[in-house]
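Structure first, commentary second.
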Amino acid sequence: MAHSRTRTGTRRQRWTAVLGAAALAVAAGGALAAPAGALTTASQAVDFPTHCVPPPIAGIPPIDGTTTAEITVDKPTPKVGETVTVTYTVTKPAASNPVDLALPADIMTPTGKVVLGGAQTGAVTVAGPKKNDPVPGKGSFPPFSMTGTFTVTEPGSITLSPGDYNIHTSYLMELDTPCTVTNPPAPVSETITASEQPGANERNISLGTASGAPGVRVTVTGAKFTPLAEVTVVGRAGAAETADRMTVTTDSEGGFAARLMVNDKATTGIVAYEGAAWDPEKGAGPAAYTVIDDTPQPPNSQKLDAAVMAGELSMTQAGDSVQLSSVNFGQGGAATGDLKTVTVKDFRGGPAGWSLTGKVTDFTGPDGSIGAGQLSWTPACTTKAGSPSTCVPGSAGTVGSGGATLASTPNGTLTGGEFTVDAKVSLNVPAFTAPGAYAGVLTLTLS
């Protein structure tokens with residue numbers, strides 16, 4: 001069971017940097033607009049009645065209580081074909097330890113479902129690591145978080161609500177405490193807005209269950225693959241493939257149903273792809289899966305478990321205003337400056353790269369404006385040592401209202417790292433632009 005984790009950012013963020021163009025009067029300086037800020041989603045914690053059934057060995061009746069939970073996502077505005085990571089955090093479980101015996105740390109494995117509604121319906125399978133604080137006899141279960149993924153298949157508003165969940169304990173014996181939503185669906189905790197992406201990869205997979213013991217088969221259902229194509233279904237441990245593997249052939253509509261036997265205890269997710277190797281343009285997943293190791297421990301031994309948790313794609317900037325150099329009325333020319341340094345942290349640990357783009361408004365002043373197409377930049381970026389990915393600067397040229405790429409990293413087997421992005425910026429000011437202070441807004445988008 002995982003502790004409740006606060007989301008520090010979204011994987012798709014917008015930041016506003018204001019470029020104060022130099023005032024064209026001899027001694028005046030440029031004026032700036034509002035400070036930068038991130039656009040975040042409005043997820044909220046919700047309460048819902050829950051019916052929990054303690055293990056029969058406890059000899060106590062079902063528990064009817066209230067669960068408090070929150071759903072968060074890494075992409076509040078995804079495009080069709082993109083994969084969204086969902087985190088289901090139960091801050092107050094309805095169930096508690098049903099027996100007088102205290103439970104030690106790290107023996108609970110939570111699994112559950114997140115219910116989709118609106119433009120796209122269905123359920124997302126989520127699972128958490130075996131991690132928890134000790135629980136006293138008859139004490140309340142601690143908070144926990146579960147994660148899973150789904151592929152966006154339809155544009156529009158998609159709602160996410162907490163669904164049923166199960167608390168599996170591995171201490172002395174394997175026991176389950178399933179908790180179901182009494183009056184489904186539970187209240188909506190998160191809403192995302194999906195948009196069309198012509199030509200996007202719409203392949204997607206779902207799992208019949210989020211966890212199982214070694215040797216158990218899990219049903220993997222795929223859709224929107226190439227009809228009558230061979231598809232590899234394989235386990236993942238982070239970005240590496242595990243020994244759990246099989247091939248299937250899609251039907252005439254590009255769908256399949258595979259029964260993958262999961263033996264490798266390192267497997268934490270499952271992917272499916274066409275071709276000889278993983279390609280994010282021809283694959284789907286990973287869908288989260290937890291192997292519950294029920295192997296008895298030898299006498300006088302201690303089992304040590306460790307987990308590497310996936311993080312977020314985020315960015316920060318060293319400031320929110322840039323003062324460009326002055327130019328003289330009648331002469332015009334280039335008003336130049338340096339973009340405030342942007343730091344990108346990609347701690348997702350998956351196969352997807354990222355792209356940082358920018359677009360600018362017209363520069364407005366007291367007696368006119370300078371068109372957005374007059375702003376150009378020369379990007380540069382640096383990759384922190386040890387990062388799996390290498391940052392690639394965008395091309396030098398016009399930014400404009402249509403936008404341009406500032407920097408990016410490519411897709412790969414394992415991507416991520418920390419990067420700093422800079423740019424020299426230059427505003428071409430016509431010779432007889434009216435004197436005054438001119439300001440434009442540069443919006444940076446990380447996706």
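Chains: A, B, ... in order of the structure tokens. Residues: from 1 per chain. Ligands: from 1, in order shown.
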Against region 113-130 of chain A, which residues of region 307-367 of chain A fall within 12 Å? For each one I want the closest pair of atoms and the distance in Å (one decimal), counting only C-alpha atoms, rows by chain and increasing residue number, as a Markdown table.
```
| residue | atom | partner | partner_atom | distance |
| --- | --- | --- | --- | --- |
| A:Ala307 | CA | A:Pro129 | CA | 7.6 |
| A:Val308 | CA | A:Pro129 | CA | 10.0 |
| A:Met309 | CA | A:Pro129 | CA | 9.3 |
| A:Ala310 | CA | A:Pro129 | CA | 12.0 |
```
Need to verify the contact set: region 192-203 of chain A, 6 Å, only C-alpha atoms, exclusion of same-chain residues closer than 3 positions in sequence. Can you return it as a list in words?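 In the requested format, the answer is Pro76, Thr77, Pro78, Lys79, Val80, Gly81, Pro155, Gly156, Ser157, Ile158, Ala223, Lys224, Phe225, Glu281 and Ala284 of chain A.
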Which is closer to Thr191 (chain A) than all the others in A:Leu160, A:Ile167, A:Ile60, A:Leu446, using only C-alpha atoms?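 Distance minimum relative to Thr191 (chain A) lands on A:Leu160.
Of the listed residues A:Thr295, A:Ser189, A:Thr169, A:Ser140, the one whose atoms come nearest to Ala213 (chain A) is A:Thr295, with distances taken using only C-alpha atoms.
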Would you return as a CSV table (one decimal) with all heavy atoms, in the first residue's frame the members of region 101-194 of chain A that DSSP assigns to strand (DSSP E or B) on this structure's backbone?
```csv
chain,number,residue,atom,x,y,z
A,103,LEU,N,-1.1,-5.5,12.5
A,103,LEU,CA,-0.5,-5.9,11.2
A,103,LEU,C,0.8,-5.1,11.0
A,103,LEU,O,0.8,-3.9,11.3
A,103,LEU,CB,-1.5,-5.5,10.1
A,103,LEU,CG,-2.9,-6.2,10.1
A,103,LEU,CD1,-3.7,-5.7,9.0
A,103,LEU,CD2,-2.7,-7.7,10.1
A,108,MET,N,0.4,-4.9,2.7
A,108,MET,CA,-0.9,-4.6,2.1
A,108,MET,C,-0.7,-4.2,0.6
A,108,MET,O,0.2,-3.4,0.3
A,108,MET,CB,-1.6,-3.4,2.8
A,108,MET,CG,-2.1,-3.7,4.2
A,108,MET,SD,-3.0,-2.4,4.9
A,108,MET,CE,-3.2,-3.0,6.5
A,109,THR,N,-1.5,-4.8,-0.3
A,109,THR,CA,-1.4,-4.4,-1.7
A,109,THR,C,-2.8,-4.0,-2.2
A,109,THR,O,-3.7,-4.8,-2.2
A,109,THR,CB,-1.0,-5.6,-2.5
A,109,THR,OG1,0.3,-6.1,-2.1
A,109,THR,CG2,-0.8,-5.3,-4.0
A,110,PRO,N,-3.0,-2.7,-2.5
A,110,PRO,CA,-4.3,-2.3,-2.9
A,110,PRO,C,-4.5,-2.4,-4.4
A,110,PRO,O,-3.6,-2.1,-5.2
A,110,PRO,CB,-4.4,-0.8,-2.4
A,110,PRO,CG,-2.9,-0.4,-2.5
A,110,PRO,CD,-2.1,-1.6,-2.2
A,111,THR,N,-5.7,-2.7,-4.8
A,111,THR,CA,-6.1,-2.7,-6.3
A,111,THR,C,-7.4,-2.0,-6.4
A,111,THR,O,-8.2,-2.0,-5.4
A,111,THR,CB,-6.1,-4.1,-6.9
A,111,THR,OG1,-6.9,-4.9,-6.2
A,111,THR,CG2,-4.7,-4.7,-6.9
A,112,GLY,N,-7.8,-1.6,-7.6
A,112,GLY,CA,-9.1,-1.0,-7.7
A,112,GLY,C,-9.4,-0.6,-9.1
A,112,GLY,O,-8.7,-1.0,-10.1
A,113,LYS,N,-10.5,0.1,-9.3
A,113,LYS,CA,-11.0,0.6,-10.6
A,113,LYS,C,-11.3,2.1,-10.5
A,113,LYS,O,-11.8,2.6,-9.5
A,113,LYS,CB,-12.2,-0.2,-11.0
A,113,LYS,CG,-12.1,-1.7,-11.2
A,113,LYS,CD,-11.4,-2.0,-12.5
A,113,LYS,CE,-11.4,-3.5,-12.7
A,113,LYS,NZ,-10.7,-3.9,-14.0
A,114,VAL,N,-11.0,2.8,-11.6
A,114,VAL,CA,-11.5,4.2,-11.8
A,114,VAL,C,-12.5,4.2,-12.9
A,114,VAL,O,-12.2,3.6,-14.0
A,114,VAL,CB,-10.3,5.1,-12.1
A,114,VAL,CG1,-10.8,6.5,-12.5
A,114,VAL,CG2,-9.3,5.2,-11.0
A,115,VAL,N,-13.7,4.7,-12.7
A,115,VAL,CA,-14.8,4.6,-13.7
A,115,VAL,C,-14.7,5.9,-14.6
A,115,VAL,O,-14.7,7.0,-14.1
A,115,VAL,CB,-16.1,4.5,-12.9
A,115,VAL,CG1,-17.3,4.5,-13.9
A,115,VAL,CG2,-16.1,3.3,-12.0
A,116,LEU,N,-14.7,5.6,-15.9
A,116,LEU,CA,-14.8,6.7,-16.9
A,116,LEU,C,-16.2,7.0,-17.3
A,116,LEU,O,-17.0,6.1,-17.4
A,116,LEU,CB,-13.9,6.4,-18.1
A,116,LEU,CG,-12.4,6.0,-17.8
A,116,LEU,CD1,-11.8,5.7,-19.2
A,116,LEU,CD2,-11.7,7.1,-17.1
A,117,GLY,N,-16.5,8.3,-17.6
A,117,GLY,CA,-17.8,8.6,-18.1
A,117,GLY,C,-17.7,9.8,-19.0
A,117,GLY,O,-16.6,10.4,-19.2
A,118,GLY,N,-18.8,10.2,-19.6
A,118,GLY,CA,-18.8,11.3,-20.5
A,118,GLY,C,-18.5,10.8,-21.9
A,118,GLY,O,-19.1,9.8,-22.4
A,122,GLY,N,-16.0,3.3,-19.5
A,122,GLY,CA,-15.2,2.1,-19.2
A,122,GLY,C,-14.6,2.2,-17.8
A,122,GLY,O,-15.1,3.0,-17.0
A,123,ALA,N,-13.6,1.4,-17.5
A,123,ALA,CA,-13.0,1.4,-16.2
A,123,ALA,C,-11.5,1.2,-16.4
A,123,ALA,O,-11.0,0.5,-17.3
A,123,ALA,CB,-13.5,0.2,-15.3
A,124,VAL,N,-10.7,1.9,-15.6
A,124,VAL,CA,-9.3,1.9,-15.6
A,124,VAL,C,-8.8,1.0,-14.4
A,124,VAL,O,-9.2,1.3,-13.2
A,124,VAL,CB,-8.7,3.3,-15.5
A,124,VAL,CG1,-7.1,3.2,-15.5
A,124,VAL,CG2,-9.2,4.2,-16.6
A,125,THR,N,-8.1,0.0,-14.7
A,125,THR,CA,-7.5,-0.9,-13.6
A,125,THR,C,-6.3,-0.2,-12.9
A,125,THR,O,-5.4,0.3,-13.6
A,125,THR,CB,-7.1,-2.2,-14.2
A,125,THR,OG1,-8.2,-2.9,-14.7
A,125,THR,CG2,-6.5,-3.1,-13.1
A,126,VAL,N,-6.3,-0.1,-11.6
A,126,VAL,CA,-5.3,0.6,-10.9
A,126,VAL,C,-4.7,-0.3,-9.8
A,126,VAL,O,-5.5,-1.2,-9.3
A,126,VAL,CB,-5.7,1.9,-10.3
A,126,VAL,CG1,-6.0,3.0,-11.3
A,126,VAL,CG2,-7.0,1.7,-9.4
A,127,ALA,N,-3.5,-0.2,-9.4
A,127,ALA,CA,-2.9,-1.0,-8.4
A,127,ALA,C,-1.8,-0.2,-7.7
A,127,ALA,O,-1.2,0.7,-8.2
A,127,ALA,CB,-2.2,-2.2,-9.0
A,135,VAL,N,-0.4,-1.3,11.3
A,135,VAL,CA,-1.8,-1.0,11.6
A,135,VAL,C,-2.1,-1.7,13.0
A,135,VAL,O,-2.0,-3.0,13.1
A,135,VAL,CB,-2.7,-1.6,10.5
A,135,VAL,CG1,-4.2,-1.2,10.9
A,135,VAL,CG2,-2.4,-1.0,9.2
A,140,SER,N,-7.6,1.7,12.1
A,140,SER,CA,-8.0,2.1,10.8
A,140,SER,C,-6.9,1.8,9.8
A,140,SER,O,-5.7,2.0,10.1
A,140,SER,CB,-8.3,3.6,10.7
A,140,SER,OG,-9.4,3.9,11.6
A,144,PHE,N,-3.8,5.1,1.0
A,144,PHE,CA,-3.0,4.5,0.0
A,144,PHE,C,-3.3,5.0,-1.4
A,144,PHE,O,-4.4,5.6,-1.6
A,144,PHE,CB,-3.2,2.9,0.0
A,144,PHE,CG,-4.6,2.5,-0.1
A,144,PHE,CD1,-5.2,2.3,-1.3
A,144,PHE,CD2,-5.4,2.3,1.1
A,144,PHE,CE1,-6.5,1.9,-1.4
A,144,PHE,CE2,-6.7,1.9,1.0
A,144,PHE,CZ,-7.3,1.7,-0.3
A,145,SER,N,-2.4,4.8,-2.3
A,145,SER,CA,-2.6,5.3,-3.7
A,145,SER,C,-2.4,4.1,-4.6
A,145,SER,O,-1.5,3.2,-4.4
A,145,SER,CB,-1.6,6.4,-4.0
A,145,SER,OG,-1.9,7.6,-3.3
A,146,MET,N,-3.1,4.2,-5.7
A,146,MET,CA,-3.1,3.2,-6.8
A,146,MET,C,-3.0,3.9,-8.1
A,146,MET,O,-3.6,5.0,-8.3
A,146,MET,CB,-4.3,2.3,-6.8
A,146,MET,CG,-4.6,1.6,-5.4
A,146,MET,SD,-6.3,0.9,-5.3
A,146,MET,CE,-7.3,2.3,-5.2
A,147,THR,N,-2.2,3.4,-9.0
A,147,THR,CA,-2.0,4.0,-10.3
A,147,THR,C,-2.4,3.0,-11.5
A,147,THR,O,-2.3,1.8,-11.3
A,147,THR,CB,-0.6,4.5,-10.5
A,147,THR,OG1,0.3,3.4,-10.5
A,147,THR,CG2,-0.3,5.6,-9.5
A,148,GLY,N,-2.7,3.6,-12.6
A,148,GLY,CA,-3.0,2.8,-13.8
A,148,GLY,C,-3.0,3.8,-15.0
A,148,GLY,O,-2.8,5.0,-14.9
A,149,THR,N,-3.2,3.2,-16.2
A,149,THR,CA,-3.2,4.0,-17.4
A,149,THR,C,-4.4,3.7,-18.3
A,149,THR,O,-4.9,2.5,-18.2
A,149,THR,CB,-1.9,3.8,-18.2
A,149,THR,OG1,-1.8,2.5,-18.5
A,149,THR,CG2,-0.7,4.3,-17.3
A,150,PHE,N,-4.8,4.6,-19.1
A,150,PHE,CA,-5.7,4.3,-20.2
A,150,PHE,C,-5.4,5.2,-21.4
A,150,PHE,O,-4.8,6.2,-21.3
A,150,PHE,CB,-7.2,4.5,-19.7
A,150,PHE,CG,-7.6,5.9,-19.6
A,150,PHE,CD1,-8.3,6.5,-20.7
A,150,PHE,CD2,-7.4,6.7,-18.5
A,150,PHE,CE1,-8.7,7.9,-20.6
A,150,PHE,CE2,-7.8,8.0,-18.4
A,150,PHE,CZ,-8.5,8.6,-19.4
A,151,THR,N,-5.8,4.7,-22.6
A,151,THR,CA,-5.6,5.4,-23.8
A,151,THR,C,-6.9,6.2,-24.2
A,151,THR,O,-8.0,5.6,-24.2
A,151,THR,CB,-5.2,4.4,-24.9
A,151,THR,OG1,-4.0,3.7,-24.6
A,151,THR,CG2,-5.0,5.2,-26.2
A,156,GLY,N,-13.5,15.0,-26.3
A,156,GLY,CA,-14.6,15.6,-25.4
A,156,GLY,C,-14.3,15.5,-23.9
A,156,GLY,O,-13.1,15.2,-23.5
A,157,SER,N,-15.2,15.8,-23.1
A,157,SER,CA,-15.1,15.8,-21.7
A,157,SER,C,-15.2,14.4,-21.1
A,157,SER,O,-16.2,13.8,-21.3
A,157,SER,CB,-16.1,16.8,-21.0
A,157,SER,OG,-16.0,16.8,-19.6
A,158,ILE,N,-14.2,14.0,-20.4
A,158,ILE,CA,-14.2,12.6,-19.8
A,158,ILE,C,-14.1,12.8,-18.3
A,158,ILE,O,-13.2,13.4,-17.8
A,158,ILE,CB,-13.0,11.8,-20.3
A,158,ILE,CG1,-13.0,11.7,-21.8
A,158,ILE,CG2,-13.0,10.4,-19.7
A,158,ILE,CD1,-11.8,11.1,-22.4
A,159,THR,N,-15.1,12.2,-17.6
A,159,THR,CA,-15.1,12.3,-16.1
A,159,THR,C,-14.5,11.0,-15.5
A,159,THR,O,-14.5,9.9,-16.1
A,159,THR,CB,-16.6,12.4,-15.6
A,159,THR,OG1,-17.3,11.2,-16.0
A,159,THR,CG2,-17.2,13.6,-16.2
A,160,LEU,N,-13.9,11.2,-14.3
A,160,LEU,CA,-13.2,10.1,-13.6
A,160,LEU,C,-13.8,10.0,-12.2
A,160,LEU,O,-13.7,11.0,-11.5
A,160,LEU,CB,-11.7,10.2,-13.6
A,160,LEU,CG,-11.0,10.2,-15.0
A,160,LEU,CD1,-10.9,11.5,-15.6
A,160,LEU,CD2,-9.6,9.5,-14.8
A,161,SER,N,-14.3,8.9,-11.8
A,161,SER,CA,-14.9,8.7,-10.5
A,161,SER,C,-14.2,7.5,-9.8
A,161,SER,O,-13.9,6.5,-10.5
A,161,SER,CB,-16.4,8.4,-10.6
A,161,SER,OG,-17.1,9.5,-11.2
A,162,PRO,N,-14.1,7.5,-8.5
A,162,PRO,CA,-13.6,6.4,-7.8
A,162,PRO,C,-14.5,5.2,-7.9
A,162,PRO,O,-15.7,5.3,-7.9
A,162,PRO,CB,-13.5,6.8,-6.3
A,162,PRO,CG,-13.6,8.3,-6.4
A,162,PRO,CD,-14.4,8.6,-7.6
A,163,GLY,N,-13.9,4.0,-8.1
A,163,GLY,CA,-14.7,2.8,-8.2
A,163,GLY,C,-14.4,1.8,-7.0
A,163,GLY,O,-13.8,2.2,-6.0
A,164,ASP,N,-14.8,0.6,-7.2
A,164,ASP,CA,-14.5,-0.5,-6.2
A,164,ASP,C,-13.0,-0.6,-5.9
A,164,ASP,O,-12.2,-0.4,-6.8
A,164,ASP,CB,-15.1,-1.8,-6.6
A,164,ASP,CG,-16.6,-1.7,-6.9
A,164,ASP,OD1,-17.2,-0.8,-6.4
A,164,ASP,OD2,-17.1,-2.6,-7.6
A,165,TYR,N,-12.6,-1.0,-4.7
A,165,TYR,CA,-11.2,-1.3,-4.4
A,165,TYR,C,-11.1,-2.5,-3.5
A,165,TYR,O,-12.1,-2.9,-2.8
A,165,TYR,CB,-10.5,-0.1,-3.9
A,165,TYR,CG,-11.1,0.5,-2.6
A,165,TYR,CD1,-10.6,0.0,-1.3
A,165,TYR,CD2,-12.1,1.5,-2.6
A,165,TYR,CE1,-11.1,0.5,-0.1
A,165,TYR,CE2,-12.6,2.0,-1.4
A,165,TYR,CZ,-12.1,1.5,-0.2
A,165,TYR,OH,-12.6,2.0,1.0
A,166,ASN,N,-9.9,-3.1,-3.5
A,166,ASN,CA,-9.7,-4.2,-2.6
A,166,ASN,C,-8.3,-4.0,-1.9
A,166,ASN,O,-7.4,-3.6,-2.4
A,166,ASN,CB,-9.6,-5.5,-3.5
A,166,ASN,CG,-9.3,-6.7,-2.7
A,166,ASN,OD1,-10.1,-7.2,-1.9
A,166,ASN,ND2,-8.1,-7.3,-2.8
A,167,ILE,N,-8.3,-4.4,-0.6
A,167,ILE,CA,-7.1,-4.4,0.2
A,167,ILE,C,-6.7,-5.8,0.5
A,167,ILE,O,-7.3,-6.6,1.2
A,167,ILE,CB,-7.4,-3.6,1.5
A,167,ILE,CG1,-7.9,-2.2,1.3
A,167,ILE,CG2,-6.1,-3.6,2.4
A,167,ILE,CD1,-8.3,-1.5,2.5
A,168,HIS,N,-5.6,-6.2,-0.1
A,168,HIS,CA,-5.0,-7.6,0.0
A,168,HIS,C,-3.9,-7.5,1.0
A,168,HIS,O,-3.0,-6.7,1.0
A,168,HIS,CB,-4.5,-8.1,-1.3
A,168,HIS,CG,-3.9,-9.4,-1.2
A,168,HIS,ND1,-4.6,-10.6,-1.4
A,168,HIS,CD2,-2.6,-9.8,-1.0
A,168,HIS,CE1,-3.9,-11.6,-1.3
A,168,HIS,NE2,-2.6,-11.2,-1.0
A,169,THR,N,-4.0,-8.4,2.0
A,169,THR,CA,-2.9,-8.5,3.1
A,169,THR,C,-2.2,-9.8,3.0
A,169,THR,O,-2.8,-10.8,2.7
A,169,THR,CB,-3.5,-8.3,4.5
A,169,THR,OG1,-4.6,-9.3,4.7
A,169,THR,CG2,-4.2,-6.9,4.6
A,170,SER,N,-0.9,-9.7,3.1
A,170,SER,CA,0.0,-10.9,3.1
A,170,SER,C,0.7,-11.0,4.4
A,170,SER,O,1.9,-10.6,4.5
A,170,SER,CB,0.9,-10.8,1.9
A,170,SER,OG,0.3,-10.6,0.7
A,171,TYR,N,0.0,-11.6,5.4
A,171,TYR,CA,0.6,-11.7,6.7
A,171,TYR,C,0.0,-13.0,7.4
A,171,TYR,O,-1.2,-13.0,7.6
A,171,TYR,CB,0.4,-10.5,7.6
A,171,TYR,CG,1.0,-10.6,9.0
A,171,TYR,CD1,2.3,-10.8,9.2
A,171,TYR,CD2,0.2,-10.4,10.1
A,171,TYR,CE1,2.9,-10.9,10.4
A,171,TYR,CE2,0.7,-10.5,11.4
A,171,TYR,CZ,2.0,-10.7,11.5
A,171,TYR,OH,2.6,-10.8,12.8
A,173,MET,N,-1.3,-15.3,6.4
A,173,MET,CA,-2.1,-15.9,5.3
A,173,MET,C,-2.5,-14.8,4.3
A,173,MET,O,-2.4,-13.6,4.6
A,173,MET,CB,-3.3,-16.7,5.8
A,173,MET,CG,-4.3,-15.8,6.6
A,173,MET,SD,-5.7,-16.8,7.3
A,173,MET,CE,-4.8,-17.7,8.5
A,174,GLU,N,-2.9,-15.2,3.1
A,174,GLU,CA,-3.4,-14.2,2.1
A,174,GLU,C,-4.8,-13.9,2.3
A,174,GLU,O,-5.7,-14.8,2.2
A,174,GLU,CB,-3.1,-14.8,0.7
A,174,GLU,CG,-1.7,-15.2,0.4
A,174,GLU,CD,-0.7,-14.0,0.5
A,174,GLU,OE1,-1.1,-13.0,0.0
A,174,GLU,OE2,0.4,-14.2,1.0
A,175,LEU,N,-5.2,-12.7,2.6
A,175,LEU,CA,-6.6,-12.3,2.8
A,175,LEU,C,-6.9,-11.1,2.0
A,175,LEU,O,-6.1,-10.2,1.7
A,175,LEU,CB,-6.8,-12.0,4.3
A,175,LEU,CG,-6.5,-13.1,5.3
A,175,LEU,CD1,-6.6,-12.6,6.7
A,175,LEU,CD2,-7.4,-14.3,5.1
A,176,ASP,N,-8.2,-11.0,1.7
A,176,ASP,CA,-8.8,-9.8,0.9
A,176,ASP,C,-9.9,-9.2,1.6
A,176,ASP,O,-10.7,-9.8,2.3
A,176,ASP,CB,-9.2,-10.3,-0.5
A,176,ASP,CG,-8.1,-10.6,-1.4
A,176,ASP,OD1,-7.4,-9.7,-1.8
A,176,ASP,OD2,-7.9,-11.9,-1.7
A,177,THR,N,-9.9,-7.8,1.5
A,177,THR,CA,-11.1,-7.0,2.0
A,177,THR,C,-11.6,-6.2,0.9
A,177,THR,O,-11.1,-5.1,0.6
A,177,THR,CB,-10.7,-6.1,3.2
A,177,THR,OG1,-10.1,-6.9,4.3
A,177,THR,CG2,-11.9,-5.4,3.7
A,178,PRO,N,-12.6,-6.8,0.1
A,178,PRO,CA,-13.1,-6.0,-1.0
A,178,PRO,C,-14.1,-4.9,-0.6
A,178,PRO,O,-14.9,-5.2,0.3
A,178,PRO,CB,-13.8,-7.1,-1.9
A,178,PRO,CG,-14.2,-8.1,-0.9
A,178,PRO,CD,-13.1,-8.1,0.2
A,179,CYS,N,-14.0,-3.8,-1.2
A,179,CYS,CA,-14.9,-2.7,-0.8
A,179,CYS,C,-15.6,-2.2,-2.1
A,179,CYS,O,-14.9,-1.8,-3.1
A,179,CYS,CB,-14.2,-1.5,-0.2
A,179,CYS,SG,-13.4,-1.9,1.4
A,180,THR,N,-16.9,-2.2,-2.2
A,180,THR,CA,-17.6,-1.8,-3.3
A,180,THR,C,-18.4,-0.5,-3.1
A,180,THR,O,-18.8,-0.2,-2.0
A,180,THR,CB,-18.6,-2.9,-3.8
A,180,THR,OG1,-19.5,-3.1,-2.7
A,180,THR,CG2,-17.9,-4.1,-4.1
A,181,VAL,N,-18.6,0.3,-4.2
A,181,VAL,CA,-19.4,1.5,-4.1
A,181,VAL,C,-20.8,1.2,-3.9
A,181,VAL,O,-21.4,0.4,-4.7
A,181,VAL,CB,-19.2,2.4,-5.3
A,181,VAL,CG1,-20.0,3.7,-5.2
A,181,VAL,CG2,-17.7,2.7,-5.6
A,190,GLU,N,-12.5,14.0,-10.9
A,190,GLU,CA,-11.6,14.7,-11.9
A,190,GLU,C,-12.3,14.7,-13.3
A,190,GLU,O,-13.0,13.7,-13.6
A,190,GLU,CB,-10.3,13.9,-12.0
A,190,GLU,CG,-9.3,14.4,-13.0
A,190,GLU,CD,-8.7,15.7,-12.8
A,190,GLU,OE1,-9.5,16.7,-12.8
A,190,GLU,OE2,-7.5,15.8,-12.5
A,191,THR,N,-12.1,15.7,-14.1
A,191,THR,CA,-12.6,15.8,-15.4
A,191,THR,C,-11.5,16.2,-16.3
A,191,THR,O,-10.7,17.2,-16.0
A,191,THR,CB,-13.8,16.8,-15.5
A,191,THR,OG1,-14.8,16.3,-14.7
A,191,THR,CG2,-14.3,16.8,-17.0
A,192,ILE,N,-11.3,15.5,-17.4
A,192,ILE,CA,-10.3,15.9,-18.4
A,192,ILE,C,-11.0,16.2,-19.7
A,192,ILE,O,-12.1,15.8,-20.0
A,192,ILE,CB,-9.2,14.8,-18.6
A,192,ILE,CG1,-9.8,13.6,-19.2
A,192,ILE,CG2,-8.5,14.5,-17.3
A,192,ILE,CD1,-8.8,12.5,-19.5
A,193,THR,N,-10.3,17.0,-20.6
A,193,THR,CA,-10.9,17.4,-21.9
A,193,THR,C,-9.9,16.9,-23.0
A,193,THR,O,-8.8,17.3,-23.1
A,193,THR,CB,-11.0,18.9,-22.0
A,193,THR,OG1,-11.9,19.4,-20.9
A,193,THR,CG2,-11.7,19.3,-23.3
A,194,ALA,N,-10.4,15.9,-23.8
A,194,ALA,CA,-9.6,15.3,-24.8
A,194,ALA,C,-9.9,16.0,-26.2
A,194,ALA,O,-11.1,16.4,-26.4
A,194,ALA,CB,-9.9,13.8,-24.9
```
When you look at Met315 (chain A) with a cut-off of 7 Å (counting only C-alpha atoms), what residues show up, excluding the ones that are within fewer than 5 positions of it in the same chain? I need them as a list of chain:residue names.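 Returned residues: A:Val342, A:Thr343, A:Val344, A:Lys345.
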Dump as CSV the rows for residues of region 243-298 of chain A within 10 Å of region 219-222 of chain A: closest atom pair and distance in Å with one decimal, only C-alpha atoms counted, ordered by chain and rising residue number.
```
residue,atom,partner,partner_atom,distance
A:Thr250,CA,A:Gly222,CA,8.5
A:Gly254,CA,A:Gly222,CA,8.0
A:Gly255,CA,A:Gly222,CA,5.3
A:Phe256,CA,A:Gly222,CA,5.1
A:Ala257,CA,A:Thr221,CA,4.5
A:Ala258,CA,A:Val220,CA,5.1
A:Arg259,CA,A:Thr219,CA,4.6
A:Leu260,CA,A:Thr219,CA,6.4
A:Met261,CA,A:Thr219,CA,8.9
A:Ile270,CA,A:Val220,CA,8.4
A:Val271,CA,A:Val220,CA,9.2
A:Ala272,CA,A:Gly222,CA,7.9
A:Tyr273,CA,A:Gly222,CA,9.9
A:Ala284,CA,A:Gly222,CA,8.3
A:Gly285,CA,A:Gly222,CA,10.0
A:Ala287,CA,A:Val220,CA,9.4
```
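Taking CA of Gly373 (chain A) and CA of Pro410 (chain A) as the two end points, the separation is 27.8 Å.
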Counting only C-alpha atoms, which of A:Glu418, A:Asp251, A:Asp47, A:Glu241 gets nearest to Ala266 (chain A)? A:Glu241
List as number ranges by chain the protein and nucleic acid residues near region 357-367 of chain A, meaning an atom at most 9 Å away when only C-alpha atoms are counted, but skip any in the same chain fewer than 3 places from it. A: 19-21, 23, 370-375, 394, 399-408, 433-447
Go through A:Met246, A:Val188, A:Val262, A:Val84 one by one, measure the shortest atom-to-atom distance of each to Val218 (chain A) using only C-alpha atoms, and give the residue with the smallest value. A:Val262
What's the 9 Å shell around region 424-430 of chain A, counting only C-alpha atoms, without same-chain residues fewer than 5 positions away, as an NGL selection string? :A and (21 or 324 or 327 or 329-339 or 370 or 372-380)
Residue nearest Asp293 (chain A) among A:Leu313, A:Ile71, A:Ala210, A:Ile107 (counting only C-alpha atoms):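 Nearest to Asp293 (chain A): A:Ile107.
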Nearest to Val234 (chain A), chosen from A:Gly208, A:Pro214, A:Asn263, A:Ala94, with only C-alpha atoms counted in the distances: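 Going through A:Gly208, A:Pro214, A:Asn263, A:Ala94 one by one, the smallest distance to Val234 (chain A) is for A:Asn263.
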Could you jot down the CA of Thr316 (chain A) to CA of Val152 (chain A) separation for me, Å, one decimal place?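 Spanning CA of Thr316 (chain A) to CA of Val152 (chain A) is a straight-line distance of 27.2 Å.
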What does the distance from CA of Glu70 (chain A) to CA of Ser43 (chain A) come to in Å, to one decimal?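 Spanning CA of Glu70 (chain A) to CA of Ser43 (chain A) is a straight-line distance of 7.1 Å.
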